[in-house]
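Structure file protein25.cif; described as mmCIF, C-alpha atoms.
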```cif
data_structure
#
loop_
_atom_site.label_atom_id
_atom_site.label_comp_id
_atom_site.auth_asym_id
_atom_site.auth_seq_id
_atom_site.Cartn_x
_atom_site.Cartn_y
_atom_site.Cartn_z
CA MET A 1 65.41 -30.54 -60.93
CA GLU A 2 61.76 -29.53 -60.92
CA PHE A 3 60.96 -26.65 -63.22
CA LEU A 4 59.18 -24.02 -61.19
CA VAL A 5 56.92 -21.57 -62.92
CA SER A 6 57.09 -18.08 -61.56
CA LEU A 7 53.75 -17.60 -59.90
CA THR A 8 53.86 -13.88 -60.42
CA GLN A 9 54.33 -14.35 -64.14
CA LYS A 10 51.22 -13.63 -66.15
CA PRO A 11 50.38 -16.72 -68.22
CA GLU A 12 50.85 -16.43 -71.95
CA LEU A 13 47.64 -17.01 -73.83
CA LEU A 14 48.14 -20.04 -76.03
CA ASN A 15 45.30 -21.26 -78.20
CA PRO A 16 43.51 -24.25 -76.61
CA ILE A 17 44.83 -26.74 -79.16
CA GLU A 18 48.44 -25.73 -78.59
CA LEU A 19 47.84 -25.60 -74.85
CA VAL A 20 46.55 -29.16 -74.71
CA HIS A 21 49.34 -30.33 -76.98
CA GLN A 22 51.99 -28.80 -74.73
CA CYS A 23 50.32 -30.24 -71.63
CA ARG A 24 50.49 -33.66 -73.26
CA GLU A 25 54.21 -33.14 -73.61
CA GLY A 26 54.39 -32.31 -69.91
CA LYS A 27 55.36 -28.66 -70.47
CA ARG A 28 55.10 -27.05 -67.05
CA LYS A 29 54.24 -23.58 -68.34
CA ALA A 30 51.31 -24.92 -70.34
CA GLN A 31 50.10 -26.96 -67.37
CA TYR A 32 50.26 -23.83 -65.25
CA GLU A 33 48.35 -21.83 -67.83
CA LEU A 34 45.64 -24.45 -68.13
CA PHE A 35 45.40 -24.63 -64.34
CA ARG A 36 45.02 -20.84 -64.09
CA MET A 37 42.31 -20.87 -66.75
CA TYR A 38 40.10 -23.48 -65.13
CA ALA A 39 40.99 -23.83 -61.44
CA THR A 40 38.74 -21.06 -60.12
CA PRO A 41 35.44 -22.25 -61.68
CA MET A 42 36.39 -25.84 -60.83
CA TYR A 43 37.00 -24.83 -57.23
CA HIS A 44 33.45 -23.51 -57.01
CA VAL A 45 32.06 -26.73 -58.50
CA ALA A 46 34.04 -28.74 -55.93
CA ARG A 47 33.04 -26.46 -53.08
CA ARG A 48 29.36 -26.93 -53.79
CA ILE A 49 29.81 -30.67 -53.46
CA VAL A 50 32.24 -31.03 -50.54
CA ALA A 51 31.33 -27.73 -48.77
CA ASP A 52 34.62 -27.31 -46.86
CA PRO A 53 36.95 -24.70 -48.49
CA MET A 54 40.24 -26.47 -47.71
CA GLU A 55 38.87 -29.82 -48.75
CA SER A 56 37.64 -28.21 -51.98
CA GLU A 57 41.15 -26.96 -52.75
CA GLU A 58 42.49 -30.49 -52.20
CA VAL A 59 39.81 -31.92 -54.50
CA VAL A 60 40.81 -29.50 -57.26
CA GLN A 61 44.51 -30.29 -56.77
CA GLU A 62 43.86 -34.03 -56.99
CA ALA A 63 41.60 -33.54 -59.99
CA PHE A 64 44.19 -31.47 -61.88
CA VAL A 65 46.90 -34.05 -61.23
CA LYS A 66 44.51 -36.54 -62.89
CA VAL A 67 43.78 -34.08 -65.70
CA PHE A 68 47.49 -33.85 -66.55
CA GLU A 69 47.99 -37.60 -66.20
CA LYS A 70 45.02 -38.35 -68.44
CA ILE A 71 45.32 -35.51 -70.92
CA HIS A 72 46.51 -37.97 -73.58
CA SER A 73 43.03 -39.44 -73.54
CA PHE A 74 41.38 -36.07 -74.24
CA GLU A 75 40.40 -36.32 -77.87
CA GLY A 76 38.48 -33.10 -78.32
CA ARG A 77 35.08 -34.72 -78.56
CA ALA A 78 33.92 -32.46 -75.75
CA THR A 79 35.04 -29.03 -74.64
CA LEU A 80 38.11 -29.06 -72.46
CA GLY A 81 36.12 -27.37 -69.69
CA ALA A 82 33.41 -30.03 -69.74
CA TRP A 83 36.03 -32.78 -69.66
CA ILE A 84 37.86 -31.22 -66.70
CA LYS A 85 34.62 -30.50 -64.88
CA ARG A 86 33.60 -34.13 -65.04
CA ILE A 87 36.92 -35.17 -63.48
CA VAL A 88 36.47 -32.56 -60.72
CA VAL A 89 32.88 -33.64 -60.02
CA ASN A 90 33.93 -37.31 -59.79
CA GLN A 91 36.84 -36.44 -57.48
CA ALA A 92 34.56 -34.35 -55.25
CA LEU A 93 31.96 -37.12 -55.10
CA ASN A 94 34.66 -39.64 -54.16
CA GLU A 95 35.62 -37.41 -51.25
CA VAL A 96 32.03 -37.11 -50.12
CA ARG A 97 31.52 -40.88 -50.38
CA LYS A 98 34.35 -41.36 -47.88
CA ARG A 99 32.14 -39.51 -45.39
CA LYS A 100 29.37 -42.02 -46.11
CA MET A 101 26.96 -39.58 -47.69
CA VAL A 102 23.39 -40.39 -46.72
CA PHE A 103 20.33 -39.76 -48.85
CA ASP A 104 17.52 -39.70 -46.31
CA ASN A 105 14.39 -41.40 -47.46
CA VAL A 106 12.02 -38.60 -48.26
CA GLU A 107 8.36 -39.38 -48.68
CA ASP A 108 6.24 -37.16 -50.90
CA ALA A 109 4.08 -36.34 -47.88
CA GLN A 110 7.10 -35.04 -46.00
CA ILE A 111 7.96 -32.74 -48.90
CA ALA A 112 4.35 -31.57 -49.05
CA ASP A 113 4.52 -30.68 -45.35
CA LEU A 114 7.17 -28.06 -46.00
CA PRO A 115 5.80 -24.54 -46.51
CA ILE A 116 4.85 -23.40 -50.01
CA GLU A 117 7.34 -21.07 -51.64
CA GLU A 118 5.50 -17.78 -51.90
CA ASP A 119 8.12 -15.06 -51.45
CA ASP A 120 9.65 -13.12 -54.30
CA TYR A 121 13.06 -13.25 -52.54
CA GLU A 122 13.77 -9.71 -53.69
CA ASP A 123 16.07 -8.94 -50.75
CA VAL A 124 17.89 -12.24 -50.80
CA THR A 125 21.62 -11.87 -51.50
CA ALA A 126 24.15 -14.28 -53.01
CA ASP A 127 25.84 -14.63 -49.60
CA MET A 128 22.56 -15.67 -47.98
CA ILE A 129 21.97 -18.28 -50.68
CA ASN A 130 25.50 -19.68 -50.34
CA GLU A 131 25.21 -19.88 -46.56
CA GLU A 132 21.82 -21.58 -46.63
CA ILE A 133 22.79 -24.05 -49.36
CA ASN A 134 25.78 -25.05 -47.21
CA LEU A 135 23.46 -25.72 -44.28
CA LEU A 136 21.27 -28.19 -46.20
CA PRO A 137 21.61 -31.90 -45.39
CA GLU A 138 24.50 -33.27 -47.46
CA GLY A 139 22.44 -35.30 -49.95
CA CYS A 140 20.09 -32.39 -50.62
CA ARG A 141 22.94 -29.91 -50.88
CA ILE A 142 24.74 -31.98 -53.49
CA VAL A 143 21.65 -32.61 -55.61
CA VAL A 144 20.52 -28.96 -55.40
CA SER A 145 24.01 -27.79 -56.36
CA LEU A 146 24.42 -30.21 -59.25
CA HIS A 147 20.93 -29.60 -60.66
CA LEU A 148 20.27 -25.94 -59.97
CA LEU A 149 23.77 -24.48 -60.17
CA GLU A 150 25.70 -26.88 -62.37
CA GLU A 151 22.66 -27.67 -64.54
CA TYR A 152 23.04 -31.44 -64.59
CA LYS A 153 19.85 -33.38 -65.33
CA HIS A 154 18.36 -35.73 -62.73
CA THR A 155 19.21 -38.72 -64.92
CA GLU A 156 22.85 -37.65 -64.92
CA ILE A 157 22.89 -36.92 -61.20
CA ALA A 158 21.33 -40.31 -60.54
CA GLU A 159 24.14 -42.01 -62.47
CA MET A 160 26.87 -39.93 -60.83
CA LEU A 161 25.60 -40.61 -57.33
CA SER A 162 24.42 -44.20 -57.92
CA ILE A 163 20.92 -43.33 -56.79
CA SER A 164 17.59 -43.56 -58.59
CA GLU A 165 16.28 -40.66 -60.65
CA SER A 166 13.29 -40.38 -58.31
CA THR A 167 15.62 -40.09 -55.31
CA SER A 168 17.47 -37.30 -57.09
CA ARG A 169 14.17 -35.52 -57.77
CA SER A 170 12.87 -35.93 -54.24
CA GLN A 171 16.16 -34.75 -52.73
CA TYR A 172 16.01 -31.73 -54.99
CA MET A 173 12.40 -30.91 -54.09
CA ARG A 174 13.16 -31.29 -50.44
CA GLY A 175 16.34 -29.20 -50.65
CA ARG A 176 14.60 -26.46 -52.62
CA LYS A 177 11.73 -26.24 -50.16
CA MET A 178 14.06 -26.22 -47.16
CA LEU A 179 16.12 -23.51 -48.79
CA ALA A 180 13.01 -21.46 -49.55
CA ALA A 181 11.72 -21.83 -45.98
CA ARG A 182 15.07 -20.82 -44.48
CA LEU A 183 15.51 -17.82 -46.75
CA SER A 184 11.95 -16.62 -46.05
CA GLU A 185 12.55 -16.97 -42.34
CA ARG A 186 15.83 -15.11 -42.60
CA MET A 187 14.27 -12.25 -44.53
CA LYS A 188 11.59 -11.85 -41.86
CA HIS A 189 14.27 -11.51 -39.18
CA GLU A 190 16.44 -9.17 -41.19
CA LEU A 191 13.63 -6.75 -42.03
CA MET B 1 10.31 -22.83 -62.42
CA SER B 2 9.84 -21.39 -58.93
CA GLN B 3 10.61 -17.82 -57.90
CA LEU B 4 13.46 -19.11 -55.79
CA GLU B 5 15.04 -20.89 -58.75
CA ASP B 6 14.64 -17.71 -60.81
CA LYS B 7 16.33 -15.67 -58.09
CA ILE B 8 19.22 -18.11 -57.72
CA ARG B 9 19.78 -18.23 -61.46
CA ALA B 10 19.71 -14.44 -61.59
CA LEU B 11 22.44 -14.32 -58.94
CA ARG B 12 24.36 -17.25 -60.39
CA GLY B 13 27.52 -15.24 -61.20
CA GLU B 14 27.73 -13.79 -57.68
CA LEU B 15 27.46 -17.19 -56.01
CA ASP B 16 31.02 -18.14 -56.98
CA GLN B 17 32.59 -16.65 -53.86
CA PRO B 18 35.10 -16.60 -52.16
CA GLN B 19 38.02 -17.00 -54.54
CA PRO B 20 40.50 -19.85 -53.98
CA ASP B 21 44.22 -19.36 -53.40
CA LEU B 22 45.49 -20.61 -56.77
CA ASP B 23 49.16 -20.03 -56.02
CA ARG B 24 49.00 -22.15 -52.88
CA MET B 25 47.18 -24.90 -54.77
CA TRP B 26 49.68 -24.86 -57.63
CA LYS B 27 52.68 -24.99 -55.26
CA ARG B 28 51.19 -28.06 -53.55
CA MET B 29 50.37 -29.95 -56.72
CA GLU B 30 53.29 -29.05 -58.98
CA PRO B 31 55.74 -31.64 -57.56
CA ARG B 32 53.21 -34.36 -58.37
CA LEU B 33 52.70 -33.45 -62.01
CA PRO B 34 53.98 -35.76 -64.74
CA ALA B 35 57.44 -34.84 -66.00
CA GLU B 36 58.05 -33.45 -69.46
CA ASN B 37 57.76 -36.06 -72.18
CA LYS B 38 60.84 -35.97 -74.37
CA HIS B 39 59.13 -37.81 -77.17
CA LYS B 40 56.82 -35.53 -79.08
CA ALA B 41 53.25 -36.54 -78.65
CA MET B 42 51.24 -37.41 -81.71
CA ARG B 43 49.45 -34.40 -83.10
CA GLN B 44 46.66 -36.32 -84.69
CA TRP B 45 44.19 -35.08 -82.09
CA ALA B 46 45.00 -31.50 -83.03
CA ILE B 47 44.20 -32.20 -86.64
CA ILE B 48 40.89 -33.68 -85.54
CA ILE B 49 40.03 -30.72 -83.31
CA GLY B 50 41.10 -28.38 -86.08
CA ALA B 51 38.41 -29.77 -88.37
CA ALA B 52 35.11 -27.91 -88.51
CA ALA B 53 33.82 -28.31 -84.99
CA VAL B 54 30.22 -29.15 -85.70
CA VAL B 55 30.92 -31.60 -88.46
CA PHE B 56 33.54 -33.31 -86.36
CA LEU B 57 31.41 -33.50 -83.26
CA ILE B 58 28.35 -34.86 -84.87
CA GLY B 59 30.55 -37.31 -86.71
CA TYR B 60 31.44 -38.97 -83.46
CA PHE B 61 29.50 -41.83 -82.07
CA VAL B 62 30.30 -45.18 -80.62
CA GLY B 63 29.77 -47.78 -83.29
CA PRO B 64 29.34 -51.50 -82.83
CA GLU B 65 32.88 -52.04 -83.99
CA ARG B 66 34.17 -50.04 -81.08
CA VAL B 67 35.44 -52.50 -78.57
CA VAL B 68 36.60 -52.58 -75.01
CA GLU B 69 39.45 -54.59 -73.65
CA SER B 70 38.58 -56.50 -70.55
CA SER B 71 41.28 -55.77 -68.03
CA HIS B 72 41.02 -59.29 -66.63
CA HIS B 73 41.25 -61.39 -69.74
CA ASN B 74 42.66 -59.02 -72.35
CA HIS B 75 39.75 -60.17 -74.49
CA ILE B 76 37.89 -57.94 -76.91
CA VAL B 77 34.18 -57.81 -76.08
CA THR B 78 31.43 -56.30 -78.24
CA ILE B 79 27.73 -55.85 -77.47
CA SER B 80 26.68 -58.38 -80.12
CA GLU B 81 29.08 -60.91 -78.68
CA VAL B 82 27.41 -60.70 -75.30
CA ASP B 83 23.83 -60.40 -76.52
CA SER B 84 23.00 -60.80 -80.21
CA ALA B 85 19.51 -59.22 -79.92
CA LEU B 86 20.92 -56.11 -78.27
CA GLY B 87 23.72 -56.14 -80.81
CA MET B 88 21.08 -55.89 -83.56
CA GLU B 89 19.40 -53.07 -81.68
CA GLU B 90 22.71 -51.25 -81.50
CA ILE B 91 23.07 -51.52 -85.28
CA ALA B 92 19.56 -50.06 -85.74
CA LEU B 93 20.27 -47.19 -83.37
CA ARG B 94 23.55 -46.53 -85.09
CA LYS B 95 21.69 -46.25 -88.39
CA GLU B 96 19.29 -43.72 -86.87
CA LEU B 97 22.24 -41.74 -85.61
CA GLU B 98 23.85 -41.81 -89.06
CA GLU B 99 20.69 -40.41 -90.65
CA ARG B 100 20.86 -37.42 -88.36
CA GLN B 101 24.55 -37.01 -89.04
CA VAL B 102 23.79 -36.67 -92.72
CA THR B 103 21.28 -33.90 -91.93
CA LEU B 104 23.75 -32.08 -89.73
CA VAL B 105 26.87 -32.29 -91.92
CA GLY B 106 27.69 -28.79 -93.09
CA ALA B 107 25.24 -27.20 -90.64
CA THR B 108 26.04 -23.76 -89.36
CA LEU B 109 25.20 -23.32 -85.72
CA ASP B 110 26.02 -20.43 -83.48
CA ASP B 111 28.49 -20.82 -80.62
CA SER B 112 26.00 -21.17 -77.78
CA GLN B 113 24.26 -24.04 -79.55
CA VAL B 114 27.56 -25.80 -80.19
CA GLU B 115 28.65 -25.26 -76.60
CA MET B 116 25.39 -26.71 -75.27
CA PHE B 117 25.72 -29.68 -77.56
CA LEU B 118 29.31 -30.29 -76.51
CA GLU B 119 28.51 -30.18 -72.82
CA GLU B 120 25.74 -32.72 -73.22
CA LEU B 121 27.83 -34.93 -75.48
CA ALA B 122 30.73 -34.86 -73.02
CA ILE B 123 28.51 -36.18 -70.28
CA ILE B 124 27.11 -38.94 -72.44
CA ASP B 125 30.57 -39.90 -73.71
CA SER B 126 31.96 -40.06 -70.24
CA LEU B 127 29.10 -42.25 -69.02
CA ASP B 128 29.38 -44.41 -72.10
CA MET B 129 33.10 -45.05 -71.61
CA GLU B 130 32.50 -46.01 -67.98
CA LEU B 131 29.76 -48.43 -68.97
CA ARG B 132 31.73 -49.99 -71.83
CA SER B 133 34.70 -50.61 -69.58
CA GLN B 134 32.46 -52.90 -67.55
CA ILE B 135 31.31 -55.14 -70.40
CA GLY B 136 32.07 -58.73 -69.50
CA GLN B 137 32.87 -57.77 -65.93
CA VAL B 138 29.53 -57.26 -64.20
CA GLN B 139 26.82 -59.74 -63.38
CA ASN B 140 23.85 -57.85 -64.75
CA GLN B 141 25.10 -57.61 -68.35
CA ARG B 142 21.66 -56.92 -69.79
CA LYS B 143 21.13 -53.82 -67.69
CA LEU B 144 24.61 -52.60 -68.60
CA LEU B 145 24.08 -53.12 -72.33
CA GLU B 146 20.68 -51.46 -72.19
CA SER B 147 22.29 -48.44 -70.55
CA ILE B 148 24.81 -48.29 -73.40
CA LEU B 149 21.95 -48.43 -75.92
CA ASP B 150 20.20 -45.73 -73.96
CA ASN B 151 23.22 -43.51 -74.57
CA TYR B 152 22.59 -43.86 -78.30
CA ARG B 153 19.02 -42.66 -77.73
CA LYS B 154 20.30 -39.68 -75.78
CA ARG B 155 22.65 -38.79 -78.64
CA ILE B 156 19.76 -39.10 -81.09
CA ARG B 157 17.59 -36.82 -78.96
CA LEU B 158 20.40 -34.28 -78.82
CA MET B 159 20.78 -34.31 -82.57
CA ASP B 160 17.03 -33.94 -83.02
CA GLN B 161 17.20 -30.92 -80.76
CA ILE B 162 19.95 -29.40 -82.88
CA ILE B 163 18.05 -30.15 -86.09
CA ARG B 164 14.95 -28.42 -84.68
CA GLU B 165 17.07 -25.40 -83.72
CA MET B 166 18.51 -25.31 -87.23
CA GLU B 167 15.09 -25.45 -88.82
CA LYS B 168 13.85 -22.71 -86.51
CA LYS B 169 16.82 -20.54 -87.41
CA GLU B 170 16.22 -21.11 -91.13
CA ARG B 171 12.52 -20.22 -90.78
CA ASN B 172 13.38 -17.01 -88.91
CA GLU B 173 15.91 -16.01 -91.54
CA LYS B 174 13.41 -16.62 -94.32
CA ARG B 175 10.81 -14.59 -92.43
CA LYS B 176 13.31 -11.72 -92.04
CA GLN B 177 14.19 -11.85 -95.73
CA GLY B 178 10.47 -11.79 -96.56
CA ALA B 179 9.97 -8.75 -94.35
CA TYR B 180 12.73 -6.81 -96.09
CA ALA B 181 11.72 -7.89 -99.61
#
```
Once more with this new file: its structure as structure tokens, please.
Amino acid sequence: MEFLVSLTQKPELLNPIELVHQCREGKRKAQYELFRMYATPMYHVARRIVADPMESEEVVQEAFVKVFEKIHSFEGRATLGAWIKRIVVNQALNEVRKRKMVFDNVEDAQIADLPIEEDDYEDVTADMINEEINLLPEGCRIVVSLHLLEEYKHTEIAEMLSISESTSRSQYMRGRKMLAARLSERMKHEL
Amino acid sequence: MSQLEDKIRALRGELDQPQPDLDRMWKRMEPRLPAENKHKAMRQWAIIIGAAAVVFLIGYFVGPERVVESSHHNHIVTISEVDSALGMEEIALRKELEERQVTLVGATLDDSQVEMFLEELAIIDSLDMELRSQIGQVQNQRKLLESILDNYRKRIRLMDQIIREMEKKERNEKRKQGAYA
């Protein structure tokens, strides 16, 4: 019979070494505790890549199943969070690839045509930024999210997405300028 | 950095909205989780993690003796076996890495520095494992091996960064001591 953890029960705080050890033994309580510790930030990472909230939950679920299946291979060379995050990012990118993600060819001239960022964005709120990032073309949105919010380097993004570093940079530049233009426009209307 | 990037970074904490329904997610995934392992897992990893974090972490690198099993042929493949020149280059890079290890053994770094280092190292390790699993299995072997060597260079750059931070910290401490003397 499946051992069900009481979801109302507050997780006990085990130290990370003991937590990982117990997860390796398949202890449900430890798995639950580890899930509670990391699922929320991982959900936000996934959401920035796949955009859809329900799909993001599914990505995190799939990723955590993999985390618990692969936890024997976690050797402590990296932080647990970094290790889990990489699994989540890969899972999210796999989902996006199913939708045949397209990185539009962006010429430098096209980027230059976009307006120069000159606002101070003082009145811009977090909600506005989230909404406008979600409206970016998929390729731009993913690169902007991974670089600006998750702080991955363009070389790393290029490897993750199987694109060139210059494509990652141009997608980022384009995404940033589009975001700036949309936020400036929005502020004008909301004043 | 543009004003927009500054603004977004300033609001970074507030961007993580809305919150997910963790209970619903757990209920959906729990039946798929691996069952409890009756045999106690080896605790060797815990001993390793328990060692001084910095010394342990900088002690890790992928040496030429580290091998990958080809899933198709169950054959052990090393870089020097595939390309002797690149194998030599790997040995040279490994030596460079070892020199930095010596400098960093016993170093005291604050938590944020260690955290940064770990994050970077995790990414490189993950990429490295992916690349090594493809040795002997892809057509463009040279490009693959060069990417693996490039991972050594990235590790070296990271260690140089840490060494510079250490030196800076030492200089600042000396300056402070001088000021109070």
Residues matched by the PyMOL selection byres ((chain A) within 7 of (chain B)) as a PyMOL selection string
chain A and resi 7+17+24-27+40+43-44+57+61+65+68-69+75-79+82-83+120-121+126+130+180
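Comparing the minimum interatomic distances between B:Met159 and each of B:Ala92, B:Leu86, B:Val102, B:Ile79, counting all atoms listed in the file, we find that B:Val102 sits nearest.
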Counting all atoms listed in the file, figure out which residue out of B:Asp128, B:Arg100, B:Glu146, B:Lys95 gets nearest to B:Val82.
B:Glu146
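Across the model, the gap from atom CA of A:Ala46 to atom CA of A:Glu62 is 11.2 Å.
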Considering only C-alpha atoms, can you say which of B:Glu90, B:Glu130, B:Glu96, B:Asp83 comes closest to A:Met160?
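Going through B:Glu90, B:Glu130, B:Glu96, B:Asp83 one by one, the smallest distance to A:Met160 is for B:Glu130.
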Counting only C-alpha atoms, the residue of A:Glu159, A:Leu146, A:Asp52, A:Glu132 that sits nearest A:Lys177:
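When distances to A:Lys177 are compared using only C-alpha atoms, the smallest one comes from A:Glu132.
For the atom pair formed by atom CA of A:Arg174 and atom CA of A:Ile157, the distance is 15.6 Å, given to one decimal.
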Point-to-point distance in Å for atom CA of A:Glu18 and atom CA of A:Gln31:
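Atom CA of A:Glu18 lies at a distance of 11.4 Å from atom CA of A:Gln31.
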Build an axis-aligned box that encloses every atom of stretch 1-19 of chain B listed in the file, pad it by 3 Å on each side, and report its centre and edge lengths in Å to one decimal, as lines of an AutoDock Vina configuration file.
```
center_x = 23.9
center_y = -18.3
center_z = -57.3
size_x = 34.2
size_y = 15.0
size_z = 16.3
```
From B:Arg155, B:Lys169, B:Lys143, B:Arg132, residue lying nearest B:Leu97 [all atoms listed in the file]:
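Of B:Arg155, B:Lys169, B:Lys143, B:Arg132, the one nearest B:Leu97 is B:Arg155, counting all atoms listed in the file.
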Using the chain letters and numbers from this file, what does the PyMOL selection byres ((chain A and resi 178) around 10) select? Give the answer as a PyMOL selection string.
chain A and resi 111+114-115+117+132-133+135-137+140+172-177+179-184
Residue nearest A:Phe35 - candidates A:Arg48, A:Glu165, A:Lys70, A:Phe64, atoms counted: all atoms listed in the file
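Smallest distance to A:Phe35 is found for A:Phe64.
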